[in-house]
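Novice: I am attaching a structure below and will ask some questions about it afterwards.
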Amino acid sequence: MKTILYIVQKEFKQIFRNKAMLPLIFVLPLIQLIILSNAATFEIKNIKFSYIDNDNTSFSRALIAKFEASTYFNVITDFPSEKIANSAMLKGDIDVILEIPSYFERDLLKNKKINLAVIINAIDGAAAGVENVYINQIIRSFNKNAQANLMQPSDFINKPKSITSITSFWYNKTLNYKTFMVPGILVLLVTMITLFLSGMNIVREKEIGTLEQMNVTPIKKYQFIIGKLFPFWVLGMLLLTIGLIIARVLFNVPMVGSLGLMYLYTSIYILVILGMGLFISNYTDTQQQAMFISWFFIVIFILMSGLFTPIESMPQWAQFLTEFNPIKFYVEIMRMVMLKGSGFVDILPQFIKTLVYAVVMNGLAVWSYKKTN
Amino acid sequence: MKDNNVIQAKNLTKKFGDFTAVNSITFEVKKGEIFGFLGANGAGKTTAMKMLIGISIPTSGKAQVAGFDIFTNPEDIKKNIGYMSQKFALYDDLTVKENITFFGGIYGLSKEQIKKKRNQLVEELGLKEIVNELVGSLPLGWKQKLAFSVALLHNPKIIFLDEPTGGVDPITRRQFWEMIYKTANSGTTVFVTTHYMDEAEYCDRVSIMVDGKIEALDTPKKLKEQFKVTSMNDVFLKLARG
Amino acid sequence: MKRFIGFIKKEFYHIFRDRRSLFILFGMPVAQIMLFGFAITNEINNVDIAILDKSKDITTQEIINKISSSTYFTIEQLITSEAEIETMFKKGKIKAVLIFEKDFSKNLIKKNNASIQIITDATDPNTANTISNYTNSILQKYQQKVNKSIEIPYQIVPQSRMMYNPELKSVFMFVPGVMTIILMLVSAMMTSISITKEKELGTMEILLVSPLEPFQVIIGKVVPYIFLSIINAIVIVLLSIFIFKMPVQGSLFLLGVESVIFIINALSLGILISTISATQQTAMMISLMGLMLPVILLSGFIFPINSMPEILQVISNVIPATWYIIILKGIMLKGVGLAVIWKETLVLVAMTVFFIVLSIKKYKIRLE
């Protein structure tokens with residue numbers, strides 16, 4: 001026990017003496033949290049909108065006015081022809097072209113069905129889909145207005161049937177994307193820092209030669225490992241704390257659920273990550289390798305964690321694989337506990353899985369650490 | 001096993017794939033001896049030593065160090081030996097005081113014992129001025145002496161030194177060997193590898209390894225007689241030439 | 001010159017002998033492309049929802065059938081009361097509940113109007129919004145069907161055409177981003193670590209004392225990574241073309257040239273990082289936190305730049321990767337040539353020159 005304390009003491013001294021790393025460990029991630037939570041959104045806004053008005057009546061201008069009034073669209077300019085408009089889209093100046101045909105007002109009054117051509121830059125397929133929905137909504141609303149003004153009482157004999165839908169948004173009424181992303185990015189940062197630091201740390205001792213020195217002492221494997229990893233566990237929890245404060249104070253992220261539960265889960269989750277770091281460092285000889293391999297796995301895990309893209313949208317085999325991804329559980333749990341107030345019972349399945357991973361991962365790591373080889 | 005043999009090796013071998021680094025070496029080291037383990041670079045000295053200190057498993061053969069078998073009880077060996085590696089592995093980013101405290105603690109010394117030893121060390125080596133300096137900022141000679149002393153903190157039976165005087169000036173080397181003599185006189189066995197043949201003169205007995213085998217094992221005096229030369233350097237040259 | 005070639009050879013040996021790193025260097029782009037192509041998508045599909053049907057008549061059944069047959073939704077459960085909703089949300093079992101009012105059919109026939117409540121778990125606003133949109137579009141289609149006999153006058157019908165990516169494949173958007181990230185990783189991060197390693201181990205001084213000029217040392221260190229980056233870029237493009245049928249509408253040659261410019265850009269960034277790092281750990285952390293993460297999040301790789309706050313859009317313009325991604329999308333998906341993207345190319349070249357000059361200056365200072 002005392003041996004572990006000696007190692008922990010030494011590790012802390014070394015971490016805090018490393019003047020170059022300190023800001024990188026604390027300041028930089030938190031700056032990232034602040035900046036990136038503002039950037040990470042799938043919300044569609046400020047769409048670069050353009051139009052070709054071949055009609056040029058107050059009617060057609062009224063339609064354009066609706067787009068100008070919408071917060072989704074920025075009406076950039078109008079074009080005289082489709083050719084010029086298309087070339088502007090090629091350049092990336094605009095992403096949507098609405099073409100109003102000539103005789104728009106006249107034909108509508110004559111009760112002819114009008115087709116409005118809409119051209120959308122669909123490189124971002126999902127965004128294009130959403131843009132399309134918004135455009136349709138605006139046109140439909142314009143249409144309904146026009147119909148209300150134009151329709152005679154006689155038209156009302158056979159009233160169309162309508163289904164009204166009312167949508168309510170629970171837990172995030174304002175559809176604030178930051179509320180959704182901040183817990184996720186916090187998870188990301190805690191994970192990355194603890195993984196990289198713990199992994200590289202042991203390999204560094206290998207590279208310098210102090211690890212060999214350690215192996216010649218009678219110190220037991222478990223003492224060494226616990227002593228080495230404990231400071232990083234503390235670091236992770238510290239990062240979590242600062243991150244939570246920023247989330248609350250800067251982003252007004254609701255903290256509906258139990259803080260204690262968040263800390264409890266995080267304490268076990270960090271063990272999984274530390275185990276991974278240790279395991280990787282046992283099989284690498286240089287810091288470069290360790291960093292590289294860690295990076296490889298982290299990127300894959302992050303992509304498959306549901307942090308940026310939904311897991312339900314993945315094919316079945318991929319969804320199955322995510323069951324082995326601890327980051328996925330952490331993201332889920334932080335979001336559920338923070339934003340919905342989920343309790344211990346609600347997150348029990350994920351909790352147990354993470355616990356199992358912590359045991360397995362660390363077991364593997366300790367087993368694969370050889371004082372004698 | 002004879003009572004005053006602290007190290008006993010029989011047909012100790014280490015292979016890496018097809019390459020045999022240590023080829024069936026047999027030797028003993030007596031208590032309190034200064035035993036020089038010599039050989040050119042790449043002859044297999046370090047590999048052999050790694051087996052004796054319990055961080056490398058032999059491919060075949062037997063050995064006992066400090067009364068414990070290197071196959072079955074490496075951890076017990078470690079309690080009774082000290083080690084100073086080629087790289088002097090002290091922590092560059094800890095102070096002299098912190099390094100001493102740390103290694104003392106690792107070897108299970110109590111707080112009082114550590115304090116006593118620390119003060120003793122500081123006195124003996126004249127480190128009072130620099131006790132709170134980072135080891136990384138010390139000149140090579142100081143690091144070397146400090147590493148040696150740290151390896152002795154827990155009063156081990158044997159101390160293993162792997163090329164301890166690499167890159168140090170002759171005066172410091174001399175001082176270092178005086179420390180080694182003192183240690184041996186107090187009953188600690190010193191097992192030292194080196195490729196400086198003149199240091200061989202300081203040892204009680206030496207062995208010379210060539211390509212993984214021990215080609216000579218005796219006191220420096222007898223070896224010089226055997227090969228009819230006047231320096232250990234020449235003994236080695238004669239051996240190496242074949 | 002011979003010495004220089006010898007030095008470059010040594011650098012190559014270093015890299016190729018490190019089997020583990022090599023495996024990752026080549027395996028990573030492949031793995032990422034595969035993931036992005038087959039698993040990662042920002043479309044919304046298979047959302048688990050629950051249905052609370054207070055009417056249980058033919059109409060509601062018909063609508064529910066339409067919903068269950070759509071790929072957007074998976075009906076996880078039919079619940080019987082509002083009380084169950086909260087628990088199911090908290091357990092994360094469902095993302096939305098559709099509540100059909102009582103007497104749905106009757107209301108539709110007699111009052112010409114019936115209502116549905118869509119209660120969404122809006123922790124993920126995007127999904128919530130999309131669920132609402134999808135549901136409404138299904139309802140829309142149903143309404144159209146019901147009202148088929150009624151000719152609604154004065155109809156304006158939008159006809160949408162999706163340009164450059166008619167099937168709305170999400171992989172098309174991701175490939176340029178993945179390429180950028182991989183090139184950044186190999187060129188910037190690996191280079192900075194490689195140079196810093198020599199510093200940390202002390203061998204850099206040996207190199208500097210050798211007959212090699214300092215700039216030869218740097219170039220020599222960097223050349224292997226140029227080579228590796230180019231191979232990676234080619235692998236990614238080939239994979240995208242053959243496995244995902246992603247077109248390269250524009251000139252492959254132009255693609256190559258722009259990529260080389262970007263690689264040099266990333267390399268000079270790597271060199272710059274190495275001048276301010278004393279240890280490999282520092283170099284890595286700076287590359288990761290200072291380079292990689294902002295690039296992933298601010299370059300338009302996944303998140304649309306338009307949707308970011310003003311300040312971040314400005315920062316995004318300072319990142320070389322942003323411009324490179326625009327160029328890539330332009331060449332690969334829009335098929336444009338230099339005439340269209342000359343502006344972006346110029347920006348990229350200017351940034352590259354700037355970084356090169358800066359890193360040379362910093363390097364000279366360090367040497368003194």
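Residue numbering restarts at 1 in every chain; chains get A, B, ... in the order shown in the structure tokens, and ligands count up from 1 in that same order.
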Mind dumping a table of every chain A residue within 10 Å of chain B, with the nearest atom pair and its distance in Å to one decimal, using only C-alpha atoms, sorted by chain and rising number, as CSV?
Specialist:
```
residue,atom,partner,partner_atom,distance
A:Lys2,CA,B:Gly105,CA,7.7
A:Thr3,CA,B:Ile106,CA,5.4
A:Ile4,CA,B:Ile106,CA,8.5
A:Leu5,CA,B:Gly105,CA,9.0
A:Tyr6,CA,B:Phe102,CA,6.0
A:Ile7,CA,B:Phe102,CA,7.4
A:Gln9,CA,B:Phe102,CA,8.7
A:Lys10,CA,B:Phe102,CA,7.2
A:Glu11,CA,B:Leu94,CA,9.9
A:Lys13,CA,B:Leu94,CA,7.6
A:Gln14,CA,B:Asp93,CA,6.3
A:Ile15,CA,B:Asp93,CA,9.6
A:Arg17,CA,B:Asp93,CA,7.4
A:Asn18,CA,B:Asp93,CA,8.2
A:Glu205,CA,B:Tyr91,CA,9.5
A:Ile208,CA,B:Ala89,CA,7.7
A:Gly209,CA,B:Ala89,CA,6.0
A:Thr210,CA,B:Ala89,CA,5.0
A:Leu211,CA,B:Ala89,CA,8.5
A:Glu212,CA,B:Ile55,CA,8.0
A:Gln213,CA,B:Ala89,CA,6.4
A:Met214,CA,B:Ile106,CA,9.0
A:Asn215,CA,B:Ile55,CA,6.8
A:Val216,CA,B:Lys78,CA,5.8
A:Thr217,CA,B:Lys78,CA,5.4
A:Pro218,CA,B:Lys78,CA,5.0
A:Ile219,CA,B:Ile106,CA,6.5
A:Lys220,CA,B:Glu75,CA,8.4
A:Gln223,CA,B:Ile106,CA,9.9
A:Phe224,CA,B:Ile106,CA,9.7
A:Lys370,CA,B:Ile55,CA,8.8
A:Lys371,CA,B:Ile55,CA,6.2
A:Thr372,CA,B:Ile55,CA,4.1
A:Asn373,CA,B:Ser56,CA,4.9
```
Novice: Near C:Phe215, within 10 Å and counting only C-alpha atoms, which residues show up once chain neighbours fewer than 4 positions away are dropped, as a ChimeraX atom specification?
Specialist: /C:208,219-221,360,363-364
Novice: Ranking A:Ser87, A:Gln350, A:Asn172, A:Thr77 by minimum distance to chain C and counting only C-alpha atoms, which one comes first?
Specialist: A:Asn172
Novice: Would you list the contacts of A:Gly257 as a list of chain:residue names, taking every protein, DNA or RNA residue within 12 Å and counting only C-alpha atoms, but skipping same-chain residues closer than 2 positions in sequence?
Specialist: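 Near neighbours after the sequence-gap exclusion: A:Tyr171, A:Val253, A:Pro254, A:Met255, A:Leu259, A:Gly260, A:Leu261, A:Met262, A:Tyr263, A:Ile333, A:Met334, A:Arg335, A:Met336, A:Val337, A:Met338, A:Leu339, A:Lys340, A:Gly341, A:Ser342, A:Gly343, A:Phe344, A:Asp346, A:Ile347, C:Lys90.
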Novice: From a DSSP calculation on the backbone, collect every residue of stretch 83-279 of chain C in alpha helix (DSSP H) and output the set as a PyMOL selection string.
Specialist: chain C and resi 83-91+104-110+125-146+170-184+191-201+203-209+214-244+252-275
Novice: Please return as a list in words: the residues of stretch 30-162 of chain B that backbone DSSP assigns to strand (DSSP E).
Specialist: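 Here are the strand (DSSP E) residues of stretch 30-162 of chain B: Lys30, Ile34, Phe35, Gly36, Phe37, Leu38, Gly39, Ser60, Gly61, Lys62, Ala63, Gln64, Val65, Phe68, Asp69, Ile81, Gly82, Tyr83, Met84, Ile158, Ile159, Phe160, Leu161 and Asp162 of chain B.
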Novice: Find the residues of chain C in contact range of chain A, meaning any atom within 6 Å when counting only C-alpha atoms, and list them as a ChimeraX atom specification.
Specialist: /C:21,39,42-46,90-91,112-125,147,154-163,165,168-170,173,303,306-308,340
Novice: Neighbouring residues of C:Lys343 were defined as those with any atom within 10 Å, considering only C-alpha atoms; residues of the same chain fewer than 6 positions away were excluded. Please report them as a VMD selection string.
Specialist: (chain A and resid 91) or (chain C and resid 323 327 349)
Novice: Now that the selection is made, can you save its residues with C-alpha atoms as a short mmCIF file (atom, residue, chain, number, x, y, z; two decimals), in the first residue's frame?
Specialist:
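Listed below is the output, part20.cif:
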```cif
data_model
loop_
_atom_site.label_atom_id
_atom_site.label_comp_id
_atom_site.auth_asym_id
_atom_site.auth_seq_id
_atom_site.Cartn_x
_atom_site.Cartn_y
_atom_site.Cartn_z
CA LYS A 91 -18.55 27.99 -57.51
CA TRP C 323 -10.37 25.28 -48.36
CA ILE C 327 -11.64 22.10 -53.57
CA VAL C 349 -1.08 28.16 -51.86
#
```
Novice: If we count only C-alpha atoms, what is near stretch 15-26 of chain B at a cut-off of 7 Å, once residues fewer than 2 positions away on the same chain are taken out, given as a PyMOL selection string?
Specialist: chain B and resi 9-13+44+48+59+212-214
Novice: What is the distance between atom CA of C:Ser68 and atom CA of C:Lys145, in Å to one decimal?
Specialist: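 Distance between the two atoms: 17.8 Å.
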Novice: Mind giving me the straight-line distance from atom CA of C:Lys141 to atom CA of C:Lys66 in Å, one decimal?
Specialist: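 So the answer is 9.9 Å.
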Novice: Could you tell me how far atom CA of A:Ile298 sits from atom CA of C:Ile24, in Å to one decimal place?
Specialist: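 Between atom CA of C:Ile24 and atom CA of A:Ile298 the gap is 12.4 Å.
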